[in-house]
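Undergrad: First the structure, which I've put down as structure tokens, then a few questions once you've had a look.
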Amino acid sequence: MKKIVVTGALGQIGSELITKLRKEYGADSVIATDIRTSDNEVVNGGPFELLDVTNAEEMNAIVKKYNADTLMHMAALLSARAEQTPQLAWNLNMGGLVNGLEVAREHNLQFFTPSSIGAFGPETPKADTPQDTLQRPTTMYGINKVAGELLCDYYYSRFGVDTRGVRFPGLVSYVTPPGGGTTDYAVEIFYEALKGGRYTSFLKEGTYMDMMYMPDALQAIVDLMEADPAKLIHRNAFNVTAMSFEPEQIAAEIKKHLPFFEMDYNVDPVRQAIADSWPNSIDASAARAEWGFKTSHDLSSMTEDMLKKLKTTIMS
């Protein structure tokens with residue numbers, strides 16, 4: 001990767017991905033794009049372009065302008081928001097992806113886009129969900145992700161586009177506030193623990209879901225994109241994970257650092273139904289075997305680091 005265009009650069013993953021890529025590949029080599037702008041490091045720290053990903057001509061022009069060799073397509077509407085506006089989710093998530101794949105085909109780009117555990121459904125095995133298994137999601141977000149996985153496979157087999165991707169679990173970050181995902185309780189809980197010592201979970205007790213700390217997620221993207229293509233059997237939608245827990249477990253871990261912390265429940269039926277349709281834990285052995293996937297954080301080390309970093313942020 002020498003010139004990288006990133007869509008959705010102000011989003012949950014994109015904003016931190018930009019920082020990591022610029023540090024590793026140079027600020028001028030990473031072009032951040034988003035449909036909006038902001039006075040922050042993503043916009044001010046290197047090349048930035050306004051981009052509506054549903055506009056193929058705009059995307060094509062940016063790739064040509066910077067002579068990019070890599071496109072990382074991160075722009076998407078997340079799970080809970082996608083259920084509120086399913087037509088918008090389809091148009092944005094699928095329209096933007098098709099445009100990205102077409103631009104990658106035309107310019108012979110390396111292409112990355114993330115899938116999600118949302119690509120699984122109620123009939124999928126819930127424990128140690130295999131890499132290759134039944135995928136019948138019941139949400140618009142999940143349908144988008146399954147269609148996206150298949151499209152990326154198609155563009156690789158039909159046109160030779162070097163497509164790569166992972167199925168992310170819930171991502172926990174101290175940099176970007178929650179953005180409408182079903183797993184966002186695992187981010188919100190840290191903010192509320194530090195601000196008020198109490199959190200009301202919108203998921204019920206016993207709702208297990210896979211999670212990953214953002215630094216591990218970002219490293220996984222770079223590792224996959226730098227991997228030897230000859231070793232990639234699956235190429236797209238690799239299962240990746242670091243830990244699986246339910247709300248009470250993360251609350252108990254926080255109480256080790258903040259003994260006064262309390263949590264109660266007010267279940268959101270929409271997000272609970274989404275969570276119930278997803279796996280409890282997934283098998284990431286294919287990613288480990290094909291490109292050396294690994295993580296550095298478990299629930300304990302993630303909690304300690306989140307509280308430390310967020311305390312500094314909230315107090316500043």
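Residues in the structure tokens are numbered from 1 in each chain, the chains being A, B, ... in the order shown, and ligands are numbered from 1 in the order shown.
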List as JSON, numbers by chain the protein and nucleic acid residues near Ser38 (chain A), meaning an atom at most 10 Å away when only C-alpha atoms are counted, but skip any in the same chain fewer than 5 places from it.

TA: {"A": [10, 43, 44]}

Undergrad: Can I get the residues of region 165-272 of chain A within 6 Å of region 106-126 of chain A, each with the closest pair of atoms and their distance in Å to one decimal, using only C-alpha atoms, sorted chain first then ascending number, as CSV?

TA:
```
residue,atom,partner,partner_atom,distance
A:Gly165,CA,A:Pro114,CA,5.1
A:Val166,CA,A:Pro114,CA,5.3
A:Arg167,CA,A:Ser116,CA,4.0
A:Phe168,CA,A:Ser116,CA,4.6
A:Pro169,CA,A:Ile117,CA,5.5
A:Ala237,CA,A:Ser115,CA,5.9
```

Undergrad: At a cut-off of 8 Å, using only C-alpha atoms, what residues contact Met263 (chain A)? Leave out same-chain residues fewer than 6 positions from it and give the result as a ChimeraX atom specification.

TA: /A:198-201,251

Undergrad: Which parts of region 81-264 of chain A does DSSP call helix (DSSP H, G or I) when run on the backbone here, written out as a ChimeraX atom specification?

TA: /A:81-84,86-107,117-119,140-159,182-195,214-226,229-231,247-255

Undergrad: Suppose you want the space between CA of Leu92 (chain A) and CA of Gln135 (chain A); what is it in Å?

TA: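 About the pair CA of Leu92 (chain A) and CA of Gln135 (chain A): they are 21.6 Å apart.
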
Undergrad: So which residues touch Val98 (chain A) within 10 Å, counting only C-alpha atoms, skipping near sequence neighbours fewer than 3 positions away, as a list in words?

TA: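 Neighbouring residues, sequence-local ones excluded: Val53, Thr54, Ala56, Leu92, Asn93, Met94, Gly95, Leu101, Glu102, Val103, Ala104, Gly148, Leu151, Cys152 and Tyr155 of chain A.
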
Undergrad: In region 126-290 of chain A, what's strand (DSSP E) per DSSP? Answer as a ChimeraX atom specification?

TA: /A:162-164,166-168,170-172,198-201,209-213,238-239,243-245,262-265

Undergrad: Can you work out which one of A:Glu192, A:Glu24, A:Asp52, A:Glu149 has the shortest atom-to-atom distance to Thr37 (chain A), counting only C-alpha atoms?

TA: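 When distances to Thr37 (chain A) are compared using only C-alpha atoms, the smallest one comes from A:Asp52.
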
Undergrad: I'd like to know which of A:Ala61, A:Val42, A:Ala68, A:Met225 is closest to Ser29 (chain A), using only C-alpha atoms.

TA: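 The shortest atom-to-atom distance to Ser29 (chain A) comes from A:Ala68.
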
Undergrad: Write out as an MDAnalysis selection string each polymer residue whose atoms come within 12 Å of Lys255 (chain A), counting only C-alpha atoms; drop sequence neighbours fewer than 6 positions from it.

TA: chainID A and resid 189:190 193:194 197:199 248:249 261:263 300 303:304 307

Undergrad: Give the answer as one residue: which of A:Glu57, A:Asp268, A:Asp69, A:Asp228 has the shortest atom-to-atom distance to Val161 (chain A), using only C-alpha atoms?

TA: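 Nearest candidate to Val161 (chain A) out of A:Glu57, A:Asp268, A:Asp69, A:Asp228: A:Asp69.
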
Undergrad: Excluding same-chain residues fewer than 2 positions from region 82-87 of chain A, what lies within 9 Å of it counting only C-alpha atoms, as a list in words?

TA: Leu77, Leu78, Ser79, Ala80, Ala89, Trp90, Asn91, Leu92, Thr139, Met140, Tyr141, Gly180 and Val270 of chain A

Undergrad: Could you work out how far CA of Tyr191 (chain A) lies from CA of Ala242 (chain A), giving the answer in Å with one decimal?

TA: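 Value for the CA of Ala242 (chain A)-CA of Tyr191 (chain A) distance: 21.3 Å.
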
Undergrad: Please report, as a Markdown table, each residue of region 143-214 of chain A lying at most 10 Å from region 277-286 of chain A, together with the nearest pair of atoms and the separation in Å rounded to one decimal; use only C-alpha atoms, and order rows by chain and ascending residue number.

TA:
```
| residue | atom | partner | partner_atom | distance |
| --- | --- | --- | --- | --- |
| A:Arg167 | CA | A:Ala284 | CA | 9.7 |
| A:Pro169 | CA | A:Ile282 | CA | 8.9 |
| A:Gly206 | CA | A:Asn280 | CA | 10.0 |
| A:Thr207 | CA | A:Asn280 | CA | 7.8 |
| A:Tyr208 | CA | A:Asn280 | CA | 4.9 |
| A:Met209 | CA | A:Asn280 | CA | 4.8 |
| A:Asp210 | CA | A:Ser281 | CA | 5.5 |
| A:Met211 | CA | A:Ser281 | CA | 9.1 |
```

Undergrad: Go ahead and save the residues from that selection, with C-alpha atoms, as an mmCIF file, in the first residue's frame.

TA:
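Okay, this is what ended up in selection24.cif:
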```cif
data_model
loop_
_atom_site.group_PDB
_atom_site.id
_atom_site.type_symbol
_atom_site.label_atom_id
_atom_site.label_comp_id
_atom_site.auth_asym_id
_atom_site.auth_seq_id
_atom_site.Cartn_x
_atom_site.Cartn_y
_atom_site.Cartn_z
ATOM 1 C CA ARG A 167 -16.119 -9.882 10.000
ATOM 2 C CA PRO A 169 -17.366 -8.222 16.262
ATOM 3 C CA GLY A 206 -26.771 -13.016 29.719
ATOM 4 C CA THR A 207 -26.519 -11.552 26.203
ATOM 5 C CA TYR A 208 -23.137 -12.774 25.070
ATOM 6 C CA MET A 209 -21.461 -11.162 22.065
ATOM 7 C CA ASP A 210 -17.987 -11.155 20.598
ATOM 8 C CA MET A 211 -15.922 -8.003 21.090
#
```

Undergrad: Go through A:Lys3, A:Ile18, A:Lys23, A:Glu41 and flag the residue nearest Tyr66 (chain A), using only C-alpha atoms for the distances.

TA: A:Lys3
